[in-house]
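Q: One file: protein.cif (mmCIF, C-alpha atoms).
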data_protein
#
loop_
_atom_site.label_atom_id
_atom_site.label_comp_id
_atom_site.auth_asym_id
_atom_site.auth_seq_id
_atom_site.Cartn_x
_atom_site.Cartn_y
_atom_site.Cartn_z
CA MET A 20 0.00 0.00 0.00
CA THR A 21 1.57 3.23 -1.14
CA THR A 22 -1.24 5.70 -0.51
CA CYS A 23 -2.67 7.13 2.64
CA ASP A 24 -5.40 4.93 4.09
CA ASN A 25 -6.56 6.71 7.20
CA LYS A 26 -9.21 9.27 8.06
CA GLN A 27 -9.01 11.40 11.17
CA PRO A 28 -11.24 14.10 12.63
CA ALA A 29 -9.95 17.66 12.51
CA PHE A 30 -9.25 17.58 16.25
CA SER A 31 -9.69 14.94 18.94
CA TRP A 32 -9.03 14.58 22.64
CA ILE A 33 -5.90 12.55 21.82
CA ASP A 34 -4.48 15.63 20.13
CA ALA A 35 -5.12 17.55 23.35
CA VAL A 36 -3.13 14.95 25.30
CA TRP A 37 -0.40 15.24 22.67
CA VAL A 38 -0.20 19.00 23.21
CA ILE A 39 0.09 18.47 26.98
CA PHE A 40 3.13 16.21 26.51
CA ILE A 41 4.70 18.71 24.11
CA VAL A 42 4.25 21.43 26.72
CA ALA A 43 5.95 19.16 29.27
CA LEU A 44 9.00 18.89 26.98
CA VAL A 45 9.19 22.69 26.90
CA PHE A 46 10.12 22.68 30.61
CA LEU A 47 12.91 20.14 30.18
CA PRO A 48 16.50 21.20 29.42
CA PRO A 49 17.71 22.96 27.50
CA ILE A 50 15.00 25.37 28.63
CA LYS A 51 16.68 28.55 27.37
CA GLU A 52 17.18 27.21 23.84
CA ILE A 53 14.66 29.30 21.90
CA HIS A 54 14.96 27.20 18.74
CA LYS A 55 14.02 24.10 20.67
CA GLN A 56 10.89 25.80 22.05
CA LEU A 57 9.86 27.03 18.60
CA ILE A 58 10.33 23.57 17.11
CA LEU A 59 8.22 21.99 19.86
CA LEU A 60 5.60 24.66 19.29
CA ALA A 61 5.63 23.81 15.56
CA LEU A 62 5.25 20.08 16.34
CA GLY A 63 2.29 20.74 18.64
CA ALA A 64 0.57 23.04 16.15
CA PHE A 65 1.17 20.65 13.28
CA GLN A 66 -0.35 17.76 15.22
CA VAL A 67 -3.46 19.81 15.91
CA PHE A 68 -3.90 20.69 12.24
CA GLU A 69 -2.72 17.37 10.80
CA GLY A 70 -6.26 16.04 10.35
CA ARG A 71 -7.23 19.10 8.34
CA LEU A 72 -4.12 18.76 6.18
CA ILE A 73 -5.07 15.19 5.31
CA SER A 74 -8.64 16.20 4.51
CA TRP A 75 -7.40 19.06 2.29
CA LEU A 76 -4.80 16.85 0.55
CA PRO A 77 -6.25 13.32 0.61
CA LYS A 78 -3.65 12.03 -1.84
CA TRP A 79 -0.49 13.60 -0.46
CA GLY A 80 -1.50 14.71 3.04
CA CYS A 81 -0.18 11.64 4.86
CA ALA A 82 3.17 11.75 3.06
CA CYS A 83 3.50 15.48 3.81
CA SER A 84 2.76 14.78 7.47
CA VAL A 85 5.55 12.21 7.76
CA LEU A 86 8.03 14.43 5.91
CA VAL A 87 7.26 17.45 8.09
CA LYS A 88 7.73 15.40 11.25
CA ILE A 89 11.06 14.01 10.00
CA ALA A 90 12.25 17.54 9.23
CA LEU A 91 11.13 18.92 12.61
CA SER A 92 12.69 15.96 14.42
CA SER A 93 16.03 16.59 12.71
CA LEU A 94 15.86 20.31 13.59
CA LEU A 95 15.04 19.48 17.21
CA LEU A 96 18.01 17.13 17.44
CA ALA A 97 20.32 19.77 15.97
CA HIS A 98 19.27 22.35 18.58
CA THR A 99 19.20 20.13 21.69
CA ALA A 100 22.72 18.73 21.61
CA HIS A 101 25.05 19.31 24.57
CA PRO A 102 27.60 22.06 23.80
CA ASN A 103 30.48 19.59 24.14
CA ASP A 104 28.84 16.68 22.37
CA ALA A 105 27.53 15.72 18.92
CA ALA A 106 23.88 16.24 17.97
CA ILE A 107 23.48 12.52 17.36
CA ASN A 108 23.87 11.97 21.12
CA SER A 109 21.06 14.38 22.01
CA SER A 110 18.67 13.03 24.62
CA TYR A 111 15.81 13.99 22.26
CA TRP A 112 16.70 11.27 19.72
CA PRO A 113 13.41 9.33 20.48
CA ILE A 114 11.59 12.20 18.69
CA TYR A 115 12.13 10.15 15.52
CA PHE A 116 9.52 7.72 16.80
CA LEU A 117 6.92 10.37 15.86
CA PRO A 118 7.36 10.16 12.06
CA VAL A 119 7.91 6.41 12.33
CA VAL A 120 4.64 5.81 14.21
CA THR A 121 2.79 8.28 11.96
CA ALA A 122 3.87 6.34 8.87
CA ALA A 123 2.88 3.05 10.53
CA MET A 124 -0.62 4.39 11.20
CA TYR A 125 -1.21 5.81 7.74
CA PHE A 126 0.45 3.35 5.35
CA GLY A 127 0.87 -0.34 4.63
CA PRO A 128 3.82 -2.49 5.75
CA ILE A 129 6.11 -1.91 2.75
CA THR A 130 5.61 1.85 2.68
CA THR A 131 6.03 1.97 6.46
CA LEU A 132 9.43 0.27 6.12
CA LEU A 133 10.46 2.82 3.50
CA TRP A 134 9.40 5.78 5.67
CA THR A 135 11.16 4.22 8.68
CA ALA A 136 14.31 3.82 6.60
CA LEU A 137 14.12 7.50 5.63
CA ALA A 138 13.69 8.55 9.27
CA SER A 139 16.61 6.33 10.30
CA ALA A 140 18.76 7.80 7.51
CA SER A 141 17.90 11.30 8.72
CA TYR A 142 19.01 10.34 12.21
CA ALA A 143 22.15 8.58 10.96
CA ALA A 144 23.04 11.64 8.87
CA PHE A 145 24.19 13.34 12.08
CA LEU A 146 27.16 10.95 11.95
CA ILE A 147 28.70 13.00 9.14
CA PRO A 148 29.42 16.16 11.22
CA ALA A 149 30.13 14.00 14.30
CA ARG A 150 32.91 12.07 12.54
CA ALA A 151 34.52 15.33 11.51
CA GLU A 152 34.85 16.50 15.14
CA TYR A 153 34.85 13.36 17.27
CA GLU A 154 36.19 9.84 17.18
CA ILE A 155 33.36 7.35 16.77
CA THR A 156 33.91 4.08 18.61
CA ALA A 157 32.50 0.70 17.66
CA GLU A 158 30.28 0.82 20.72
CA SER A 159 28.76 4.05 19.40
CA TYR A 160 27.99 2.37 16.08
CA TYR A 161 26.34 -0.53 17.92
CA LEU A 162 24.27 1.95 19.94
CA LEU A 163 23.18 3.75 16.78
CA ALA A 164 22.24 0.47 15.11
CA THR A 165 20.25 -0.56 18.18
CA ARG A 166 18.26 2.67 18.18
CA MET A 167 17.50 2.35 14.47
CA LEU A 168 16.38 -1.26 14.91
CA PHE A 169 13.99 -0.11 17.59
CA PHE A 170 12.57 2.35 15.06
CA PHE A 171 11.75 -0.56 12.75
CA LEU A 172 10.39 -2.74 15.57
CA ALA A 173 8.07 0.04 16.74
CA ALA A 174 6.98 0.74 13.16
CA MET A 175 6.07 -2.89 12.47
CA LEU A 176 4.27 -3.32 15.78
CA VAL A 177 2.12 -0.22 15.31
CA ASN A 178 1.56 -0.97 11.62
CA ARG A 179 0.31 -4.45 12.42
CA PHE A 180 -2.44 -3.09 14.66
CA ALA A 181 -3.21 -0.23 12.24
CA VAL A 182 -3.57 -2.58 9.26
CA GLU A 183 -5.76 -4.96 11.24
CA ASN A 184 -7.90 -2.05 12.42
CA ARG A 185 -8.34 -0.85 8.84
CA ARG A 186 -9.18 -4.37 7.69
CA GLN A 187 -11.86 -4.72 10.35
CA ALA A 188 -13.23 -1.29 9.49
CA VAL A 189 -13.52 -2.30 5.82
CA ALA A 190 -15.18 -5.57 6.82
CA GLN A 191 -17.64 -3.74 9.05
CA ARG A 192 -18.49 -1.28 6.29
CA ALA A 193 -19.04 -4.14 3.87
CA LEU A 194 -21.24 -5.91 6.41
CA SER A 195 -23.17 -2.71 7.06
CA ASP A 196 -23.70 -2.20 3.32
CA ALA A 197 -24.84 -5.82 2.94
CA LEU A 198 -27.29 -5.48 5.84
CA GLU A 199 -28.62 -2.23 4.42
CA ASP A 200 -29.09 -3.84 1.02
CA THR A 201 -30.82 -6.83 2.64
CA ASN A 202 -33.11 -4.55 4.64
CA ARG A 203 -33.89 -2.57 1.49
CA GLN A 204 -34.79 -5.77 -0.38
CA LEU A 205 -36.87 -6.95 2.59
CA ARG A 206 -38.81 -3.70 2.72
CA ARG A 207 -39.37 -3.91 -1.02
CA ALA A 208 -40.54 -7.52 -0.74
CA GLU A 209 -42.92 -6.60 2.08
CA ALA A 210 -44.34 -3.74 0.04
CA GLU A 211 -44.84 -6.02 -2.96
CA ALA A 212 -46.49 -8.65 -0.74
CA ARG A 213 -48.88 -6.07 0.70
CA ARG A 214 -49.65 -4.84 -2.79
CA SER A 215 -50.38 -8.39 -3.97
CA GLU A 216 -52.72 -8.94 -1.03
CA ARG A 217 -54.57 -5.71 -1.76
CA LEU A 218 -54.81 -6.59 -5.44
CA ALA A 219 -56.15 -10.07 -4.66
CA ALA A 220 -58.84 -8.73 -2.31
CA LEU A 221 -59.78 -5.93 -4.67
CA GLY A 222 -59.81 -8.34 -7.59
CA GLN A 223 -62.42 -10.55 -5.92
CA LEU A 224 -64.53 -7.52 -5.08
CA SER A 225 -64.21 -6.15 -8.62
CA ALA A 226 -65.23 -9.46 -10.16
CA GLY A 227 -68.39 -9.62 -8.09
CA LEU A 228 -69.33 -6.03 -8.82
CA ALA A 229 -68.58 -6.37 -12.52
CA HIS A 230 -70.85 -9.37 -12.90
CA GLU A 231 -73.63 -7.66 -10.96
CA ILE A 232 -73.33 -4.50 -13.06
CA ARG A 233 -73.03 -6.19 -16.46
CA ASN A 234 -76.47 -7.84 -16.36
CA PRO A 235 -78.53 -4.66 -15.80
CA LEU A 236 -76.34 -2.85 -18.31
CA GLY A 237 -77.35 -5.40 -20.92
CA VAL A 238 -81.03 -4.80 -20.16
CA ILE A 239 -80.56 -1.00 -20.31
CA LYS A 240 -78.73 -1.19 -23.62
CA GLY A 241 -81.30 -3.49 -25.21
CA SER A 242 -84.16 -1.29 -24.04
CA ALA A 243 -82.44 1.87 -25.29
CA GLU A 244 -81.85 0.35 -28.74
CA MET A 245 -85.49 -0.79 -29.05
CA LEU A 246 -86.69 2.63 -27.89
CA ALA A 247 -84.46 4.39 -30.42
CA GLN A 248 -85.83 2.23 -33.26
CA LYS A 249 -89.46 2.91 -32.36
CA LEU A 250 -89.02 6.64 -31.80
CA GLN A 251 -86.69 7.31 -34.72
CA GLN A 252 -89.45 8.71 -36.97
CA ALA A 253 -92.01 10.00 -34.48
CA GLN A 254 -89.79 11.64 -31.87
CA PRO A 255 -86.25 12.30 -33.17
CA LEU A 256 -85.14 14.02 -29.95
CA ALA A 257 -86.17 11.08 -27.80
CA ALA A 258 -84.44 8.73 -30.26
CA GLU A 259 -81.26 10.79 -29.99
CA LEU A 260 -81.38 10.62 -26.18
CA ALA A 261 -81.85 6.87 -26.39
CA GLY A 262 -78.73 6.76 -28.57
CA TYR A 263 -76.81 8.61 -25.88
CA ILE A 264 -77.96 6.01 -23.37
CA SER A 265 -76.74 3.21 -25.62
CA SER A 266 -73.32 4.81 -26.20
CA GLU A 267 -72.79 5.44 -22.49
CA VAL A 268 -73.76 1.85 -21.75
CA ASN A 269 -71.10 0.74 -24.23
CA ARG A 270 -68.55 2.86 -22.38
CA LEU A 271 -69.61 1.32 -19.07
CA ASN A 272 -69.34 -2.14 -20.61
CA ASP A 273 -65.76 -1.38 -21.63
CA LEU A 274 -65.01 -0.30 -18.06
CA VAL A 275 -66.59 -3.47 -16.68
CA ALA A 276 -64.51 -5.52 -19.12
CA ARG A 277 -61.36 -3.88 -17.74
CA PHE A 278 -62.51 -4.70 -14.22
CA LEU A 279 -62.90 -8.32 -15.23
CA ASP A 280 -59.49 -8.34 -16.88
CA PHE A 281 -58.05 -7.09 -13.61
CA ALA A 282 -60.02 -9.55 -11.47
CA ARG A 283 -59.94 -12.82 -13.36
CA PRO A 284 -56.98 -15.21 -12.86
CA LEU A 285 -54.47 -15.39 -15.66
CA HIS A 286 -53.90 -18.61 -17.56
CA LEU A 287 -50.38 -18.24 -18.88
CA ASP A 288 -49.10 -20.14 -21.89
CA LEU A 289 -45.41 -20.05 -21.02
CA HIS A 290 -42.76 -20.58 -23.68
CA PRO A 291 -39.17 -19.36 -24.13
CA GLN A 292 -39.24 -16.08 -26.04
CA GLN A 293 -36.74 -13.45 -27.17
CA VAL A 294 -37.65 -10.37 -25.19
CA THR A 295 -36.24 -7.90 -27.73
CA ALA A 296 -38.62 -9.14 -30.42
CA ILE A 297 -41.60 -8.66 -28.08
CA ILE A 298 -40.42 -5.15 -27.14
CA ASP A 299 -39.94 -4.12 -30.76
CA HIS A 300 -43.35 -5.47 -31.78
CA ALA A 301 -45.04 -3.59 -28.92
CA ALA A 302 -43.19 -0.36 -29.79
CA ASP A 303 -44.12 -0.67 -33.48
CA SER A 304 -47.79 -1.29 -32.60
CA VAL A 305 -48.00 1.75 -30.32
CA ASP A 306 -46.18 3.93 -32.86
CA ALA A 307 -48.59 2.82 -35.60
CA GLN A 308 -51.56 3.77 -33.40
CA MET A 309 -50.15 7.28 -32.99
CA PRO A 310 -49.08 8.30 -36.52
CA ASP A 311 -48.90 12.02 -35.66
CA SER A 312 -46.36 11.55 -32.88
CA HIS A 313 -42.73 12.62 -33.15
CA VAL A 314 -41.10 10.25 -30.69
CA THR A 315 -37.52 9.08 -31.24
CA ILE A 316 -36.94 5.53 -30.03
CA GLU A 317 -33.46 4.65 -28.77
CA ARG A 318 -32.70 0.96 -28.29
CA GLN A 319 -29.91 -0.43 -26.11
CA TYR A 320 -30.10 -4.21 -26.09
CA ALA A 321 -27.28 -6.25 -24.58
CA PRO A 322 -25.95 -8.97 -26.88
CA ASP A 323 -26.68 -12.66 -26.33
CA LEU A 324 -29.66 -12.15 -24.05
CA PRO A 325 -31.11 -15.40 -22.72
CA PRO A 326 -34.67 -16.31 -23.72
CA ILE A 327 -37.31 -15.55 -21.10
CA VAL A 328 -40.13 -17.91 -20.18
CA VAL A 329 -43.29 -15.84 -20.67
CA ASP A 330 -46.71 -15.73 -22.22
CA GLU A 331 -46.01 -13.72 -25.38
CA ARG A 332 -49.48 -12.14 -25.55
CA PHE A 333 -49.52 -10.95 -21.95
CA CYS A 334 -45.88 -9.88 -22.06
CA GLU A 335 -46.50 -7.74 -25.14
CA SER A 336 -49.50 -6.23 -23.35
CA VAL A 337 -47.18 -5.13 -20.51
CA PHE A 338 -44.74 -3.42 -22.86
CA SER A 339 -47.50 -1.89 -25.00
CA ASN A 340 -49.16 -0.37 -21.93
CA LEU A 341 -45.94 1.16 -20.62
CA ILE A 342 -44.87 2.46 -24.06
CA ALA A 343 -48.33 3.94 -24.70
CA ASN A 344 -48.19 5.69 -21.32
CA ALA A 345 -44.77 7.10 -22.27
CA TYR A 346 -46.12 8.43 -25.58
CA GLN A 347 -49.02 10.10 -23.79
CA ALA A 348 -46.77 11.54 -21.07
CA MET A 349 -44.53 13.14 -23.73
CA ASN A 350 -47.53 14.48 -25.68
CA GLY A 351 -46.27 12.69 -28.78
CA SER A 352 -42.85 14.38 -28.82
CA GLY A 353 -39.69 13.27 -27.03
CA ILE A 354 -37.24 10.42 -26.65
CA LEU A 355 -38.22 6.90 -25.65
CA ARG A 356 -35.36 4.70 -24.44
CA LEU A 357 -35.76 0.94 -24.56
CA ALA A 358 -33.06 -1.20 -22.95
CA ALA A 359 -32.62 -4.86 -22.07
CA ASP A 360 -29.83 -6.48 -20.11
CA ARG A 361 -29.03 -9.58 -18.09
CA GLU A 362 -30.06 -9.50 -14.42
CA LEU A 363 -29.79 -11.74 -11.38
CA SER A 364 -32.58 -11.13 -8.88
CA ASN A 365 -33.06 -13.13 -5.67
CA GLY A 366 -31.06 -16.00 -7.09
CA SER A 367 -33.07 -16.11 -10.32
CA SER A 368 -31.44 -15.20 -13.62
CA GLY A 369 -33.35 -13.35 -16.27
CA VAL A 370 -33.64 -10.12 -18.24
CA VAL A 371 -34.42 -6.63 -16.97
CA VAL A 372 -36.19 -4.34 -19.43
CA THR A 373 -35.98 -0.56 -18.99
CA ILE A 374 -38.56 1.79 -20.50
CA GLU A 375 -37.69 5.46 -20.01
CA ASP A 376 -39.29 8.60 -21.40
CA THR A 377 -38.51 12.32 -21.31
CA GLY A 378 -41.91 13.44 -20.11
CA PRO A 379 -42.75 15.27 -16.88
CA GLY A 380 -42.29 12.13 -14.78
CA VAL A 381 -44.37 10.85 -11.88
CA ALA A 382 -45.17 13.11 -8.94
CA PRO A 383 -43.33 12.06 -5.74
CA GLU A 384 -46.59 11.60 -3.83
CA MET A 385 -47.77 9.06 -6.44
CA ARG A 386 -44.62 6.95 -6.68
CA GLU A 387 -45.46 4.62 -3.81
CA GLN A 388 -49.00 3.98 -5.07
CA ILE A 389 -48.44 4.03 -8.82
CA PHE A 390 -49.27 0.30 -9.19
CA ASN A 391 -52.36 0.40 -6.97
CA PRO A 392 -55.79 0.32 -8.65
CA PHE A 393 -57.55 3.59 -9.42
CA ILE A 394 -54.35 5.63 -9.10
CA THR A 395 -53.97 7.79 -12.21
CA SER A 396 -52.96 11.28 -13.25
CA LYS A 397 -55.01 11.19 -16.46
CA LYS A 398 -58.26 13.15 -16.57
CA GLU A 399 -60.13 10.35 -18.33
CA GLY A 400 -58.13 7.47 -16.91
CA VAL A 401 -59.53 4.75 -14.65
CA GLY A 402 -56.23 3.77 -13.02
CA LEU A 403 -56.26 0.05 -13.83
CA GLY A 404 -53.61 -0.08 -16.58
CA LEU A 405 -50.52 -0.25 -14.38
CA SER A 406 -52.34 -2.47 -11.88
CA ILE A 407 -53.00 -5.01 -14.62
CA VAL A 408 -49.38 -4.66 -15.78
CA ALA A 409 -48.12 -5.33 -12.24
CA LYS A 410 -50.43 -8.34 -11.94
CA ILE A 411 -49.15 -9.84 -15.21
CA VAL A 412 -45.53 -9.34 -14.17
CA ASP A 413 -46.22 -10.88 -10.74
CA GLU A 414 -47.81 -13.91 -12.38
CA HIS A 415 -44.58 -14.35 -14.37
CA ARG A 416 -42.61 -14.38 -11.05
CA GLY A 417 -40.98 -11.09 -12.01
CA TRP A 418 -41.10 -7.56 -10.65
CA ILE A 419 -41.75 -4.06 -11.94
CA ARG A 420 -40.38 -0.90 -10.33
CA LEU A 421 -40.47 2.81 -10.93
CA ASP A 422 -36.97 4.20 -10.43
CA SER A 423 -36.81 7.28 -8.26
CA ASP A 424 -33.38 8.50 -9.43
CA SER A 425 -34.35 9.46 -12.97
CA ALA A 426 -33.45 13.12 -13.56
CA LYS A 427 -36.36 13.73 -15.92
CA GLY A 428 -39.27 11.63 -17.06
CA ALA A 429 -40.30 8.20 -15.82
CA ARG A 430 -38.16 5.07 -15.88
CA PHE A 431 -39.79 1.67 -15.38
CA ARG A 432 -37.72 -1.49 -14.91
CA ILE A 433 -39.29 -4.90 -15.47
CA PHE A 434 -37.56 -8.14 -14.52
CA LEU A 435 -38.66 -11.37 -16.20
CA PRO A 436 -37.02 -14.72 -15.35
CA SER A 437 -35.37 -16.92 -17.92
CA GLU A 438 -36.15 -20.12 -16.02
CA PRO A 439 -39.51 -21.92 -15.98
CA PRO A 440 -41.38 -21.99 -12.65
CA LYS A 441 -40.55 -24.90 -10.40
CA GLN A 442 -43.22 -27.53 -10.15
CA GLU A 443 -44.68 -28.02 -6.71
CA PRO A 444 -44.13 -31.60 -5.43
CA ALA A 445 -47.23 -33.73 -5.50
CA LYS A 446 -48.86 -34.29 -2.13
CA THR A 447 -49.48 -37.87 -1.13
#
Spit out the file's structure as structure tokens when you get a sec.
A:
Amino acid sequence: MTTCDNKQPAFSWIDAVWVIFIVALVFLPPIKEIHKQLILLALGAFQVFEGRLISWLPKWGCACSVLVKIALSSLLLAHTAHPNDAAINSSYWPIYFLPVVTAAMYFGPITTLLWTALASASYAAFLIPARAEYEITAESYYLLATRMLFFFLAAMLVNRFAVENRRQAVAQRALSDALEDTNRQLRRAEAEARRSERLAALGQLSAGLAHEIRNPLGVIKGSAEMLAQKLQQAQPLAAELAGYISSEVNRLNDLVARFLDFARPLHLDLHPQQVTAIIDHAADSVDAQMPDSHVTIERQYAPDLPPIVVDERFCESVFSNLIANAYQAMNGSGILRLAADRELSNGSSGVVVTIEDTGPGVAPEMREQIFNPFITSKKEGVGLGLSIVAKIVDEHRGWIRLDSDSAKGARFRIFLPSEPPKQEPAKT
């Protein structure tokens, strides 16, 4: 590891303790050496602002910190030597542990060894002026080597704990991210389960109401048609009103038919299909129904997509509904993006289809309920289209979601599995 791998707050209580120890050194000899006091003051101030330096320079801050401490340590040694002795024999030589320990905390083992070697070389450099003035004995060389070895021992000991601490921190962050992702999936699954329960209950209610309404509607329509035929010559106005009754009954019949489509169970004819062909056919059908539109379709299909096991008719209905909604949202002018890619969801492999438009998007207050029945932003809409879409996708063991991070427009993602449903074991 050659880059800084540590984050510190701007100031902590440990820094306060550090400053206290620095102040204690101020009152140790040589007390009247002004350079020594200034250097200690610089060390204390630098320690206080070290965290800010690293935050300002995340790439080079740690290296600058070690270099500054090596430089200040060398200056302190030069100004604390006894008048009749060499600077290398200064009692402040342990100050070099500061850059050594700093490097051990911020860097990996190899880089820590290199920084420790540089600090040791800076300390050993005081031999050059010492040899010019004094005779260096073998015992002095042994003492110097011992001190430098202790630099390396301290560096490796501190680095071992620092590296392990960083490793555990990374593991804890990964575990936290995994738990957050699991909780997010659990909340999503609970929401989808609640939605399925609501849809099932509402579907049963809708089926009963639809059947009860359809019978009297048939009687009303038949009576209105007979009345219009008999009054067509004698009372044109009454015949016209009877025609209105018949047309409104037809509209109600269409609404009842949609209720039944929503309520009745689906009987899927599942076969492996190429999803891109179904998407293109749905897009072409919607575009042909709206010849005056000026929508540009952009396709981004991943190569070698696996076939999906779906009912082609129902699957095309899903895509047609979403694409038609996109056309209407863009008022016939905009960009429609169709994408398909491989996806692995809850251990099941398949294809995720993305349908994105450049319209006004979905209001935030409607996002959570967009797939519930009777939720619509259209003036003449009933609010069953997306509910039926969600039901079809659920029956295919897939999922449909409205992304909330789209900058503009609406983006729907539909996952469809590429594996057939598992057969339930027969009960004996």
Q: Determine the residue set returned by the PyMOL selection byres ((chain A and resi 137) around 12) for the present structure, and present it as a VMD selection string.
A: chain A and resid 85 to 86 88 to 90 93 115 118 to 119 122 130 to 136 138 to 144 167 170 to 171
Q: Which distance in Å separates CA of Phe333 (chain A) and CA of Pro436 (chain A), to one decimal?
A: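 Computed distance, CA of Phe333 (chain A) to CA of Pro436 (chain A), equals 14.6 Å.
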Q: Grab the CA of Lys427 (chain A) to CA of Leu405 (chain A) distance for me, in Å with one decimal place.
A: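 These two atoms are separated by 20.0 Å.
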Q: Find the spatial neighbours of region 182-184 of chain A, counting all atoms listed in the file, within a cut-off of 8 Å - ignore same-chain residues fewer than 4 positions away - and output them as a VMD selection string.
A: chain A and resid 124 127 178 188
Q: Give as a CSV table (one decimal) with C-alpha atoms, in the coordinates of the input the set of residues within 12 Å of the point (-26.8, -8.0, -26.2), where distances use the file's coordinates and only C-alpha atoms.
A:
chain,number,residue,atom,x,y,z
A,293,GLN,CA,-36.7,-13.4,-27.2
A,294,VAL,CA,-37.6,-10.4,-25.2
A,295,THR,CA,-36.2,-7.9,-27.7
A,318,ARG,CA,-32.7,1.0,-28.3
A,319,GLN,CA,-29.9,-0.4,-26.1
A,320,TYR,CA,-30.1,-4.2,-26.1
A,321,ALA,CA,-27.3,-6.2,-24.6
A,322,PRO,CA,-26.0,-9.0,-26.9
A,323,ASP,CA,-26.7,-12.7,-26.3
A,324,LEU,CA,-29.7,-12.2,-24.0
A,325,PRO,CA,-31.1,-15.4,-22.7
A,326,PRO,CA,-34.7,-16.3,-23.7
A,358,ALA,CA,-33.1,-1.2,-23.0
A,359,ALA,CA,-32.6,-4.9,-22.1
A,360,ASP,CA,-29.8,-6.5,-20.1
A,361,ARG,CA,-29.0,-9.6,-18.1
A,370,VAL,CA,-33.6,-10.1,-18.2
Q: Using Å and a single decimal, report how far CA of Ile433 (chain A) sits from CA of Leu421 (chain A).
A: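 Here the two named atoms are 9.0 Å from each other.
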Q: Taking into account all atoms listed in the file, which residue in the set A:Glu414, A:Ala106, A:Tyr125, A:Ile58 is nearest to Trp79 (chain A)?
A: A:Tyr125
Q: Please evaluate the PyMOL selection byres ((chain A and resi 100) around 12) against the structure above and give the resulting residues as a PDB file with C-alpha atoms, in the frame of the given file.
A:
ATOM      1  CA  PRO A  48      16.500  21.200  29.420  1.00  0.00           C
ATOM      2  CA  PRO A  49      17.710  22.960  27.500  1.00  0.00           C
ATOM      3  CA  GLU A  52      17.180  27.210  23.840  1.00  0.00           C
ATOM      4  CA  HIS A  54      14.960  27.200  18.740  1.00  0.00           C
ATOM      5  CA  LYS A  55      14.020  24.100  20.670  1.00  0.00           C
ATOM      6  CA  SER A  93      16.030  16.590  12.710  1.00  0.00           C
ATOM      7  CA  LEU A  94      15.860  20.310  13.590  1.00  0.00           C
ATOM      8  CA  LEU A  95      15.040  19.480  17.210  1.00  0.00           C
ATOM      9  CA  LEU A  96      18.010  17.130  17.440  1.00  0.00           C
ATOM     10  CA  ALA A  97      20.320  19.770  15.970  1.00  0.00           C
ATOM     11  CA  HIS A  98      19.270  22.350  18.580  1.00  0.00           C
ATOM     12  CA  THR A  99      19.200  20.130  21.690  1.00  0.00           C
ATOM     13  CA  HIS A 101      25.050  19.310  24.570  1.00  0.00           C
ATOM     14  CA  PRO A 102      27.600  22.060  23.800  1.00  0.00           C
ATOM     15  CA  ASN A 103      30.480  19.590  24.140  1.00  0.00           C
ATOM     16  CA  ASP A 104      28.840  16.680  22.370  1.00  0.00           C
ATOM     17  CA  ALA A 105      27.530  15.720  18.920  1.00  0.00           C
ATOM     18  CA  ALA A 106      23.880  16.240  17.970  1.00  0.00           C
ATOM     19  CA  ILE A 107      23.480  12.520  17.360  1.00  0.00           C
ATOM     20  CA  ASN A 108      23.870  11.970  21.120  1.00  0.00           C
ATOM     21  CA  SER A 109      21.060  14.380  22.010  1.00  0.00           C
ATOM     22  CA  SER A 110      18.670  13.030  24.620  1.00  0.00           C
ATOM     23  CA  TYR A 111      15.810  13.990  22.260  1.00  0.00           C
ATOM     24  CA  TRP A 112      16.700  11.270  19.720  1.00  0.00           C
ATOM     25  CA  PHE A 145      24.190  13.340  12.080  1.00  0.00           C
ATOM     26  CA  ALA A 149      30.130  14.000  14.300  1.00  0.00           C
TER      27      ALA A 149
END
Q: Compare A:Thr373, A:Asn350, A:Thr201, A:Thr121 by their minimum atom-to-atom distance to Ala181 (chain A), counting all atoms listed in the file, and give me the closest one.
A: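 Nearest to Ala181 (chain A): A:Thr121.
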Q: Which residues are near Arg332 (chain A)? Cut-off 12 Å, all atoms listed in the file, ignore same chain within fewer than 6 positions. Put them as a list in words.
A: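 Using all atoms listed in the file, the neighbours found are Leu285, His286, Leu287, Asp288, Leu289, His290, Gln292, Val294, Ile297, Ile298, His300, Ala301, Phe338, Ser339 and Ile411 of chain A.
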Q: Find the residues around Ile41 (chain A) up to 8 Å (all atoms listed in the file counted), leave out those fewer than 2 positions away in its own chain, and share them as a PDB file with C-alpha atoms, keeping the file's coordinate frame.
A:
ATOM      1  CA  TRP A  37      -0.400  15.240  22.670  1.00  0.00           C
ATOM      2  CA  VAL A  38      -0.200  19.000  23.210  1.00  0.00           C
ATOM      3  CA  ILE A  39       0.090  18.470  26.980  1.00  0.00           C
ATOM      4  CA  ALA A  43       5.950  19.160  29.270  1.00  0.00           C
ATOM      5  CA  LEU A  44       9.000  18.890  26.980  1.00  0.00           C
ATOM      6  CA  VAL A  45       9.190  22.690  26.900  1.00  0.00           C
ATOM      7  CA  LEU A  59       8.220  21.990  19.860  1.00  0.00           C
ATOM      8  CA  LEU A  60       5.600  24.660  19.290  1.00  0.00           C
ATOM      9  CA  LEU A  62       5.250  20.080  16.340  1.00  0.00           C
ATOM     10  CA  GLY A  63       2.290  20.740  18.640  1.00  0.00           C
TER      11      GLY A  63
END
Q: Nearest residue to Ile316 (chain A) out of A:Ile374, A:Val189, A:Met385, A:Val328, using only C-alpha atoms?
A: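 Closest candidate: A:Ile374.
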Q: Choose the residue, out of A:Cys81, A:Leu91, A:Leu271, A:Ala345, that has the smallest atom-to-atom separation from Asp306 (chain A); count all atoms listed in the file.
A: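 The closest residue to Asp306 (chain A) is A:Ala345.
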